[in-house]
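Visitor: Here it is, the structure, as structure tokens.
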Amino acid sequence: WGIQSNSIPKGFFEKSRDTIMKFIDQNRVCDVGAGIGDYSFPLAKKSKIIFHCDLDLEAINYSRKIAYEQNLNNILFIRCDYMFLPFKNSSLPCITCIDVLERGEEHDNKLLEQLTLKIKSHGICISDFHSKERMKLTRVKDFGDRYSKNDLKSLFSKNDMNISEIIGMGFLPQLKNIPGLIYYIGNAIGKIFLPPARWLVISTK
């Protein structure tokens, strides 16, 4: 998955990355479900230390290679099940969890419980979800892993997390070959007429 495999438009990734970075002002950030490091690497350039957490050993080894090539020595790679994060409770000031909460309410509730458990009081959690509003527009019938704004408010409330902002991301169709500048312009225009493909949620404990 991600920008390296060209499974998402580069413009969408860059817009998501830039939006996430605006909320990062922490010495320690834990990237949960970090995969091949699409977000860990830019986060590492702004933070003192990054905990890069993923279960896939191949993805970790690949991201370690890229980190070495970019001379990023402040990333700690941790192979773990994100349902059992190896951190003390209430110890993490910032958690990012991007393109992970998408496997249905039971899975997402369980993972949010884990994130809530590990994040410290007044810590920030940045996560994203596929938009039910967009799926309705495209007439996709299966909404099992899609969320409306109201669904997200209910989901986070059940897990004792307070939502600070819900930001729409990806207003253009998810075409993979749109150049970055054209994507930015088209995305701004699409925002006027279309619901977003995803919701970026900024929440606190």
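Simple scheme: letters A, B, ... for chains in structure tokens order, numbers from 1 for residues in each chain, numbers from 1 for ligands in the order shown.
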Which neighbours of Ile119 in chain A fall inside 9 Å, counting only C-alpha atoms, when residues of the same chain fewer than 6 positions from it are skipped, and could you give them as a PyMOL selection string?
Guide: chain A and resi 89-95+125+204-205
Visitor: Taking only C-alpha atoms into account, produce a table as a Markdown table in which each residue of range 84-145 of chain A with an atom at most 10 Å from an atom of range 15-23 of chain A appears once, together with its shortest atom pair and the distance in Å to one decimal, ordered by chain and rising number.
Guide:
```
| residue | atom | partner | partner_atom | distance |
| --- | --- | --- | --- | --- |
| A:Cys94 | CA | A:Phe23 | CA | 9.7 |
| A:Thr96 | CA | A:Ile20 | CA | 8.7 |
| A:Ile98 | CA | A:Ser16 | CA | 9.5 |
| A:Ile124 | CA | A:Phe23 | CA | 8.6 |
| A:Cys125 | CA | A:Phe23 | CA | 9.7 |
| A:Ile126 | CA | A:Ile20 | CA | 7.4 |
| A:Ser127 | CA | A:Ile20 | CA | 9.2 |
| A:Asp128 | CA | A:Ser16 | CA | 9.7 |
```
Visitor: From range 67-195 of chain A, collect each residue whose DSSP state is alpha helix (DSSP H) and return the set as a ChimeraX atom specification.
Guide: /A:67-69,105-118,132-137,149-158,180-193
Visitor: Tell me which protein, DNA and RNA residues are within 8 Å of range 65-73 of chain A, counting only C-alpha atoms, leaving out same-chain ones fewer than 6 positions away, and put them as a ChimeraX atom specification.
Guide: /A:41,44-45
Visitor: Could the residues in this selection be written to a file with C-alpha atoms, as a PDB file, in the first residue's frame?
Guide:
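Printed below is part_3.pdb as written:
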```pdb
ATOM      1  CA  PHE A  41       9.792   9.501   7.325  1.00  0.00           C
ATOM      2  CA  ALA A  44      10.933  11.843  11.730  1.00  0.00           C
ATOM      3  CA  LYS A  45      12.139  15.118  10.243  1.00  0.00           C
TER       4      LYS A  45
END
```
Visitor: Neighbours of Arg103 in chain A within 9 Å (only C-alpha atoms; same-chain residues fewer than 2 positions away dropped), as a ChimeraX atom specification?
Guide: /A:100-101,105-108,144-146
Visitor: Could you give me, as a list of chain:residue names, the residues within 9 Å of Met83 in chain A, counting only C-alpha atoms and dropping anything in the same chain fewer than 4 positions from it?
Guide: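 So the residues in contact are A:Lys110, A:Leu111, A:Glu113, A:Gln114, A:Leu115.
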Visitor: DSSP on the backbone: what in chain A comes out strand (DSSP E), as a compact mmCIF listing (two decimals) with all heavy atoms, in the first residue's frame?
Guide:
```
# COMPACT_ATOMS: atom_id res chain seq x y z
N ARG A 28 7.90 12.95 20.75
CA ARG A 28 7.73 11.52 20.50
C ARG A 28 6.41 11.28 19.78
O ARG A 28 5.36 11.70 20.25
CB ARG A 28 7.74 10.74 21.82
CG ARG A 28 9.10 10.67 22.50
CD ARG A 28 8.98 10.04 23.87
NE ARG A 28 8.26 10.89 24.80
CZ ARG A 28 7.31 10.47 25.63
NH1 ARG A 28 6.94 9.22 25.62
NH2 ARG A 28 6.73 11.32 26.46
N VAL A 29 6.49 10.58 18.65
CA VAL A 29 5.30 10.24 17.89
C VAL A 29 5.31 8.75 17.60
O VAL A 29 6.34 8.19 17.22
CB VAL A 29 5.24 11.02 16.56
CG1 VAL A 29 4.00 10.62 15.76
CG2 VAL A 29 5.26 12.53 16.81
N CYS A 30 4.17 8.11 17.80
CA CYS A 30 4.03 6.69 17.50
C CYS A 30 3.16 6.53 16.26
O CYS A 30 1.99 6.93 16.27
CB CYS A 30 3.40 5.96 18.69
SG CYS A 30 3.20 4.18 18.42
N ASP A 31 3.74 5.97 15.20
CA ASP A 31 3.01 5.74 13.95
C ASP A 31 2.53 4.29 13.95
O ASP A 31 3.33 3.36 13.79
CB ASP A 31 3.91 6.03 12.76
CG ASP A 31 3.16 6.07 11.44
OD1 ASP A 31 1.92 6.03 11.46
OD2 ASP A 31 3.82 6.16 10.39
N VAL A 32 1.23 4.09 14.15
CA VAL A 32 0.66 2.75 14.29
C VAL A 32 0.16 2.25 12.94
O VAL A 32 -0.56 2.95 12.24
CB VAL A 32 -0.51 2.77 15.31
CG1 VAL A 32 -1.21 1.42 15.36
CG2 VAL A 32 -0.01 3.17 16.69
N ILE A 49 11.84 11.56 18.18
CA ILE A 49 11.88 10.12 17.95
C ILE A 49 10.53 9.65 17.43
O ILE A 49 9.48 10.16 17.83
CB ILE A 49 12.26 9.35 19.23
CG1 ILE A 49 12.44 7.86 18.93
CG2 ILE A 49 11.22 9.56 20.34
CD1 ILE A 49 13.07 7.08 20.05
N ILE A 50 10.57 8.70 16.50
CA ILE A 50 9.38 8.09 15.95
C ILE A 50 9.39 6.60 16.29
O ILE A 50 10.38 5.92 16.08
CB ILE A 50 9.33 8.25 14.41
CG1 ILE A 50 9.28 9.72 14.02
CG2 ILE A 50 8.14 7.49 13.82
CD1 ILE A 50 8.02 10.42 14.43
N PHE A 51 8.28 6.11 16.80
CA PHE A 51 8.08 4.68 16.97
C PHE A 51 7.28 4.19 15.76
O PHE A 51 6.12 4.54 15.60
CB PHE A 51 7.31 4.37 18.27
CG PHE A 51 7.99 4.87 19.50
CD1 PHE A 51 7.42 5.88 20.27
CD2 PHE A 51 9.20 4.33 19.91
CE1 PHE A 51 8.04 6.35 21.41
CE2 PHE A 51 9.84 4.79 21.06
CZ PHE A 51 9.26 5.79 21.81
N HIS A 52 7.94 3.43 14.92
CA HIS A 52 7.35 2.91 13.69
C HIS A 52 6.84 1.50 13.98
O HIS A 52 7.63 0.56 14.09
CB HIS A 52 8.41 2.91 12.58
CG HIS A 52 7.98 2.29 11.29
ND1 HIS A 52 7.85 3.02 10.13
CD2 HIS A 52 7.67 1.01 10.96
CE1 HIS A 52 7.49 2.22 9.14
NE2 HIS A 52 7.37 0.99 9.62
N CYS A 53 5.52 1.34 14.12
CA CYS A 53 4.94 0.07 14.56
C CYS A 53 4.19 -0.62 13.44
O CYS A 53 3.27 -0.04 12.85
CB CYS A 53 3.99 0.30 15.73
SG CYS A 53 4.78 1.00 17.19
N ASP A 54 4.58 -1.85 13.15
CA ASP A 54 3.87 -2.64 12.14
C ASP A 54 4.15 -4.12 12.39
O ASP A 54 5.19 -4.47 12.98
CB ASP A 54 4.31 -2.24 10.73
CG ASP A 54 3.25 -2.57 9.70
OD1 ASP A 54 3.23 -3.73 9.22
OD2 ASP A 54 2.43 -1.69 9.39
N ILE A 75 14.31 6.88 14.11
CA ILE A 75 13.14 6.02 13.98
C ILE A 75 13.43 4.68 14.65
O ILE A 75 14.41 4.01 14.32
CB ILE A 75 12.76 5.78 12.51
CG1 ILE A 75 12.55 7.10 11.78
CG2 ILE A 75 11.50 4.91 12.42
CD1 ILE A 75 12.23 6.94 10.30
N LEU A 76 12.59 4.31 15.60
CA LEU A 76 12.70 3.01 16.26
C LEU A 76 11.66 2.09 15.64
O LEU A 76 10.45 2.31 15.77
CB LEU A 76 12.46 3.15 17.77
CG LEU A 76 12.53 1.85 18.58
CD1 LEU A 76 13.90 1.20 18.47
CD2 LEU A 76 12.18 2.11 20.04
N PHE A 77 12.12 1.05 14.96
CA PHE A 77 11.23 0.12 14.27
C PHE A 77 10.80 -0.99 15.23
O PHE A 77 11.64 -1.68 15.81
CB PHE A 77 11.92 -0.47 13.04
CG PHE A 77 12.22 0.57 11.98
CD1 PHE A 77 13.45 1.21 11.95
CD2 PHE A 77 11.25 0.93 11.05
CE1 PHE A 77 13.72 2.17 10.99
CE2 PHE A 77 11.51 1.89 10.10
CZ PHE A 77 12.75 2.51 10.07
N ILE A 78 9.49 -1.14 15.37
CA ILE A 78 8.94 -2.10 16.33
C ILE A 78 7.97 -3.02 15.61
O ILE A 78 6.96 -2.56 15.06
CB ILE A 78 8.21 -1.39 17.49
CG1 ILE A 78 9.16 -0.44 18.21
CG2 ILE A 78 7.64 -2.41 18.47
CD1 ILE A 78 8.48 0.43 19.25
N ARG A 79 8.28 -4.31 15.60
CA ARG A 79 7.35 -5.27 15.01
C ARG A 79 6.37 -5.71 16.09
O ARG A 79 6.77 -6.29 17.11
CB ARG A 79 8.09 -6.48 14.45
CG ARG A 79 7.17 -7.40 13.66
CD ARG A 79 7.83 -8.69 13.26
NE ARG A 79 6.95 -9.46 12.41
CZ ARG A 79 7.06 -10.78 12.22
NH1 ARG A 79 8.02 -11.45 12.83
NH2 ARG A 79 6.21 -11.40 11.44
N LEU A 92 2.13 7.86 25.61
CA LEU A 92 2.44 8.42 24.29
C LEU A 92 1.78 9.78 24.09
O LEU A 92 0.56 9.90 24.19
CB LEU A 92 1.98 7.46 23.19
CG LEU A 92 2.66 6.09 23.18
CD1 LEU A 92 1.95 5.16 22.21
CD2 LEU A 92 4.13 6.21 22.83
N PRO A 93 2.55 10.82 23.81
CA PRO A 93 1.95 12.15 23.62
C PRO A 93 1.26 12.32 22.28
O PRO A 93 0.40 13.17 22.12
CB PRO A 93 3.15 13.09 23.74
CG PRO A 93 4.32 12.27 23.34
CD PRO A 93 4.02 10.87 23.79
N CYS A 94 1.65 11.51 21.28
CA CYS A 94 1.07 11.66 19.95
C CYS A 94 1.06 10.32 19.22
O CYS A 94 2.08 9.63 19.17
CB CYS A 94 1.87 12.69 19.13
SG CYS A 94 1.19 13.00 17.48
N ILE A 95 -0.09 9.97 18.68
CA ILE A 95 -0.24 8.74 17.89
C ILE A 95 -0.82 9.10 16.53
O ILE A 95 -1.79 9.86 16.45
CB ILE A 95 -1.16 7.72 18.59
CG1 ILE A 95 -0.55 7.25 19.92
CG2 ILE A 95 -1.43 6.52 17.68
CD1 ILE A 95 -1.47 6.32 20.71
N THR A 96 -0.23 8.56 15.47
CA THR A 96 -0.84 8.64 14.15
C THR A 96 -1.23 7.23 13.72
O THR A 96 -0.50 6.27 13.97
CB THR A 96 0.12 9.26 13.11
OG1 THR A 96 1.33 8.49 13.06
CG2 THR A 96 0.46 10.69 13.47
N CYS A 97 -2.38 7.12 13.08
CA CYS A 97 -2.89 5.82 12.64
C CYS A 97 -3.64 6.05 11.33
O CYS A 97 -4.83 6.35 11.34
CB CYS A 97 -3.79 5.23 13.73
SG CYS A 97 -4.28 3.52 13.44
N ILE A 119 -2.34 6.42 24.85
CA ILE A 119 -2.07 7.85 24.73
C ILE A 119 -2.18 8.53 26.09
O ILE A 119 -3.00 8.14 26.93
CB ILE A 119 -3.02 8.49 23.70
CG1 ILE A 119 -2.45 9.81 23.18
CG2 ILE A 119 -4.42 8.69 24.28
CD1 ILE A 119 -3.13 10.29 21.92
N LYS A 120 -1.33 9.52 26.33
CA LYS A 120 -1.34 10.20 27.62
C LYS A 120 -2.48 11.22 27.68
O LYS A 120 -3.04 11.60 26.65
CB LYS A 120 0.01 10.86 27.88
CG LYS A 120 0.33 12.01 26.94
CD LYS A 120 1.77 12.50 27.11
CE LYS A 120 2.07 12.98 28.49
NZ LYS A 120 3.43 13.55 28.62
N SER A 121 -2.79 11.67 28.88
CA SER A 121 -3.83 12.67 29.06
C SER A 121 -3.48 13.93 28.26
O SER A 121 -2.34 14.40 28.31
CB SER A 121 -3.98 13.00 30.54
OG SER A 121 -4.98 13.96 30.75
N HIS A 122 -4.44 14.43 27.52
CA HIS A 122 -4.28 15.60 26.65
C HIS A 122 -3.39 15.31 25.44
O HIS A 122 -2.99 16.24 24.74
CB HIS A 122 -3.73 16.80 27.41
CG HIS A 122 -4.56 17.16 28.62
ND1 HIS A 122 -5.88 17.56 28.53
CD2 HIS A 122 -4.25 17.16 29.94
CE1 HIS A 122 -6.35 17.80 29.75
NE2 HIS A 122 -5.40 17.56 30.62
N GLY A 123 -3.07 14.02 25.23
CA GLY A 123 -2.31 13.66 24.04
C GLY A 123 -3.19 13.75 22.80
O GLY A 123 -4.41 13.79 22.87
N ILE A 124 -2.53 13.77 21.64
CA ILE A 124 -3.26 13.93 20.37
C ILE A 124 -3.19 12.64 19.56
O ILE A 124 -2.15 11.97 19.51
CB ILE A 124 -2.69 15.12 19.56
CG1 ILE A 124 -3.49 15.34 18.28
CG2 ILE A 124 -1.22 14.90 19.23
CD1 ILE A 124 -3.09 16.60 17.53
N CYS A 125 -4.31 12.28 18.96
CA CYS A 125 -4.38 11.11 18.08
C CYS A 125 -4.87 11.58 16.72
O CYS A 125 -5.89 12.28 16.62
CB CYS A 125 -5.32 10.06 18.67
SG CYS A 125 -5.47 8.57 17.65
N ILE A 126 -4.16 11.19 15.66
CA ILE A 126 -4.52 11.57 14.29
C ILE A 126 -4.81 10.29 13.52
O ILE A 126 -3.94 9.43 13.38
CB ILE A 126 -3.39 12.37 13.62
CG1 ILE A 126 -3.04 13.61 14.45
CG2 ILE A 126 -3.78 12.75 12.20
CD1 ILE A 126 -1.81 14.35 13.97
N SER A 127 -6.03 10.16 13.03
CA SER A 127 -6.43 8.95 12.33
C SER A 127 -7.32 9.31 11.15
O SER A 127 -7.81 10.43 11.05
CB SER A 127 -7.18 8.00 13.29
OG SER A 127 -8.25 8.69 13.93
N ASP A 128 -7.51 8.35 10.23
CA ASP A 128 -8.40 8.64 9.11
C ASP A 128 -9.33 7.47 8.82
O ASP A 128 -9.07 6.32 9.21
CB ASP A 128 -7.60 9.05 7.86
CG ASP A 128 -6.94 7.88 7.15
OD1 ASP A 128 -6.65 6.85 7.81
OD2 ASP A 128 -6.71 7.98 5.93
N PHE A 129 -10.44 7.78 8.14
CA PHE A 129 -11.51 6.83 7.89
C PHE A 129 -12.08 7.07 6.51
O PHE A 129 -12.19 8.21 6.06
CB PHE A 129 -12.63 7.00 8.93
CG PHE A 129 -12.20 6.80 10.35
CD1 PHE A 129 -11.56 7.83 11.04
CD2 PHE A 129 -12.42 5.59 10.99
CE1 PHE A 129 -11.15 7.65 12.35
CE2 PHE A 129 -12.02 5.42 12.31
CZ PHE A 129 -11.38 6.44 12.98
N HIS A 130 -12.49 6.00 5.85
CA HIS A 130 -13.18 6.15 4.57
C HIS A 130 -14.56 6.73 4.80
O HIS A 130 -15.26 6.37 5.74
CB HIS A 130 -13.27 4.79 3.86
CG HIS A 130 -11.95 4.30 3.36
ND1 HIS A 130 -11.52 4.55 2.07
CD2 HIS A 130 -10.96 3.60 3.96
CE1 HIS A 130 -10.32 4.01 1.90
NE2 HIS A 130 -9.96 3.43 3.04
N SER A 131 -14.95 7.64 3.92
CA SER A 131 -16.16 8.43 4.09
C SER A 131 -17.40 7.71 3.55
O SER A 131 -17.43 7.30 2.39
CB SER A 131 -15.99 9.78 3.38
OG SER A 131 -17.23 10.37 3.12
N ARG A 146 -17.10 2.12 6.36
CA ARG A 146 -17.18 3.54 6.02
C ARG A 146 -17.90 4.29 7.15
O ARG A 146 -18.75 3.74 7.83
CB ARG A 146 -17.96 3.75 4.72
CG ARG A 146 -17.68 2.73 3.63
CD ARG A 146 -16.27 2.82 3.08
NE ARG A 146 -16.04 1.82 2.07
CZ ARG A 146 -14.90 1.64 1.42
NH1 ARG A 146 -13.89 2.44 1.67
NH2 ARG A 146 -14.75 0.70 0.53
N TYR A 147 -17.54 5.56 7.31
CA TYR A 147 -18.10 6.33 8.42
C TYR A 147 -18.58 7.70 7.95
O TYR A 147 -17.89 8.38 7.19
CB TYR A 147 -17.05 6.53 9.51
CG TYR A 147 -16.63 5.25 10.19
CD1 TYR A 147 -15.62 4.46 9.66
CD2 TYR A 147 -17.23 4.84 11.38
CE1 TYR A 147 -15.23 3.28 10.28
CE2 TYR A 147 -16.85 3.67 12.01
CZ TYR A 147 -15.85 2.89 11.46
OH TYR A 147 -15.47 1.73 12.07
N ASN A 162 -12.07 12.82 22.60
CA ASN A 162 -12.74 14.05 22.18
C ASN A 162 -12.23 14.48 20.81
O ASN A 162 -11.03 14.62 20.60
CB ASN A 162 -12.47 15.17 23.19
CG ASN A 162 -12.93 14.80 24.59
OD1 ASN A 162 -14.08 14.40 24.77
ND2 ASN A 162 -12.05 14.94 25.57
N ILE A 163 -13.13 14.66 19.89
CA ILE A 163 -12.76 15.08 18.54
C ILE A 163 -12.55 16.60 18.51
O ILE A 163 -13.45 17.36 18.88
CB ILE A 163 -13.82 14.68 17.51
CG1 ILE A 163 -13.87 13.15 17.39
CG2 ILE A 163 -13.53 15.31 16.15
CD1 ILE A 163 -14.93 12.64 16.43
N SER A 164 -11.38 17.01 18.07
CA SER A 164 -11.09 18.44 17.90
C SER A 164 -11.49 18.93 16.52
O SER A 164 -12.06 20.01 16.38
CB SER A 164 -9.60 18.71 18.13
OG SER A 164 -9.19 18.30 19.41
N GLU A 165 -11.16 18.10 15.51
CA GLU A 165 -11.48 18.48 14.13
C GLU A 165 -11.75 17.22 13.31
O GLU A 165 -11.15 16.17 13.55
CB GLU A 165 -10.33 19.25 13.47
CG GLU A 165 -10.10 20.65 13.97
CD GLU A 165 -9.11 21.41 13.09
OE1 GLU A 165 -9.35 21.48 11.87
OE2 GLU A 165 -8.12 21.89 13.64
N ILE A 166 -12.64 17.35 12.34
CA ILE A 166 -12.83 16.33 11.31
C ILE A 166 -12.62 17.03 9.98
O ILE A 166 -13.35 17.95 9.62
CB ILE A 166 -14.23 15.69 11.38
CG1 ILE A 166 -14.48 15.04 12.74
CG2 ILE A 166 -14.39 14.66 10.26
CD1 ILE A 166 -15.87 14.42 12.89
N ILE A 167 -11.61 16.59 9.24
CA ILE A 167 -11.19 17.29 8.02
C ILE A 167 -11.41 16.38 6.82
O ILE A 167 -10.93 15.24 6.79
CB ILE A 167 -9.71 17.69 8.10
CG1 ILE A 167 -9.45 18.54 9.36
CG2 ILE A 167 -9.27 18.44 6.85
CD1 ILE A 167 -7.98 18.74 9.67
N GLY A 168 -12.12 16.86 5.82
CA GLY A 168 -12.32 16.10 4.59
C GLY A 168 -11.04 16.05 3.77
O GLY A 168 -10.36 17.05 3.61
N MET A 169 -10.74 14.86 3.24
CA MET A 169 -9.53 14.68 2.43
C MET A 169 -9.88 13.92 1.15
O MET A 169 -10.64 12.97 1.16
CB MET A 169 -8.48 13.86 3.21
CG MET A 169 -8.06 14.44 4.55
SD MET A 169 -7.26 16.05 4.41
CE MET A 169 -5.86 15.64 3.38
N ARG A 198 -12.14 10.58 2.31
CA ARG A 198 -11.80 10.17 3.68
C ARG A 198 -12.01 11.33 4.64
O ARG A 198 -12.01 12.49 4.26
CB ARG A 198 -10.34 9.71 3.77
CG ARG A 198 -10.03 8.54 2.85
CD ARG A 198 -8.69 7.94 3.16
NE ARG A 198 -8.22 7.10 2.07
CZ ARG A 198 -7.09 6.42 2.09
NH1 ARG A 198 -6.30 6.48 3.14
NH2 ARG A 198 -6.73 5.69 1.05
N TRP A 199 -12.15 10.96 5.90
CA TRP A 199 -12.19 11.92 6.99
C TRP A 199 -10.92 11.78 7.80
O TRP A 199 -10.58 10.68 8.25
CB TRP A 199 -13.39 11.66 7.90
CG TRP A 199 -14.74 11.87 7.28
CD1 TRP A 199 -15.70 10.93 7.07
CD2 TRP A 199 -15.28 13.12 6.82
NE1 TRP A 199 -16.81 11.49 6.49
CE2 TRP A 199 -16.59 12.85 6.33
CE3 TRP A 199 -14.80 14.43 6.76
CZ2 TRP A 199 -17.41 13.82 5.80
CZ3 TRP A 199 -15.64 15.41 6.22
CH2 TRP A 199 -16.92 15.11 5.75
N LEU A 200 -10.20 12.88 8.00
CA LEU A 200 -9.04 12.91 8.89
C LEU A 200 -9.53 13.43 10.24
O LEU A 200 -10.08 14.53 10.31
CB LEU A 200 -7.95 13.81 8.32
CG LEU A 200 -6.62 13.85 9.09
CD1 LEU A 200 -5.90 12.51 8.95
CD2 LEU A 200 -5.74 14.98 8.58
N VAL A 201 -9.33 12.64 11.27
CA VAL A 201 -9.87 12.98 12.60
C VAL A 201 -8.74 13.35 13.54
O VAL A 201 -7.79 12.57 13.73
CB VAL A 201 -10.68 11.80 13.19
CG1 VAL A 201 -11.23 12.18 14.57
CG2 VAL A 201 -11.82 11.42 12.26
N ILE A 202 -8.82 14.54 14.13
CA ILE A 202 -7.88 15.00 15.13
C ILE A 202 -8.60 14.89 16.47
O ILE A 202 -9.62 15.54 16.69
CB ILE A 202 -7.44 16.45 14.89
CG1 ILE A 202 -7.10 16.68 13.40
CG2 ILE A 202 -6.28 16.81 15.80
CD1 ILE A 202 -6.02 15.81 12.86
N SER A 203 -8.08 14.05 17.36
CA SER A 203 -8.77 13.80 18.63
C SER A 203 -7.79 13.87 19.79
O SER A 203 -6.58 13.75 19.63
CB SER A 203 -9.47 12.44 18.60
OG SER A 203 -8.54 11.40 18.39
N THR A 204 -8.34 14.07 20.99
CA THR A 204 -7.54 14.12 22.21
C THR A 204 -8.19 13.26 23.27
O THR A 204 -9.39 12.97 23.23
CB THR A 204 -7.41 15.57 22.73
OG1 THR A 204 -8.73 16.09 22.98
CG2 THR A 204 -6.70 16.45 21.73
```
Visitor: Nearest to Asn74 in chain A among A:Ala59, A:Ile36, A:Leu117, A:Leu43, with distances taken over only C-alpha atoms: which residue is it?
Guide: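 For Asn74 in chain A, the nearest of the candidates is A:Leu43.
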Visitor: Considering only C-alpha atoms, return as a ChimeraX atom specification whatever protein or nucleic-acid residues lie within 10 Å of Lys158 in chain A, sequence-local ones (same chain, fewer than 6 positions apart) excluded.
Guide: /A:109,112-113,152
Visitor: Could you tell me how far CA of Gly11 in chain A sits from CA of Lys191 in chain A, in Å to one decimal place?
Guide: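 Distance between the two atoms: 14.5 Å.
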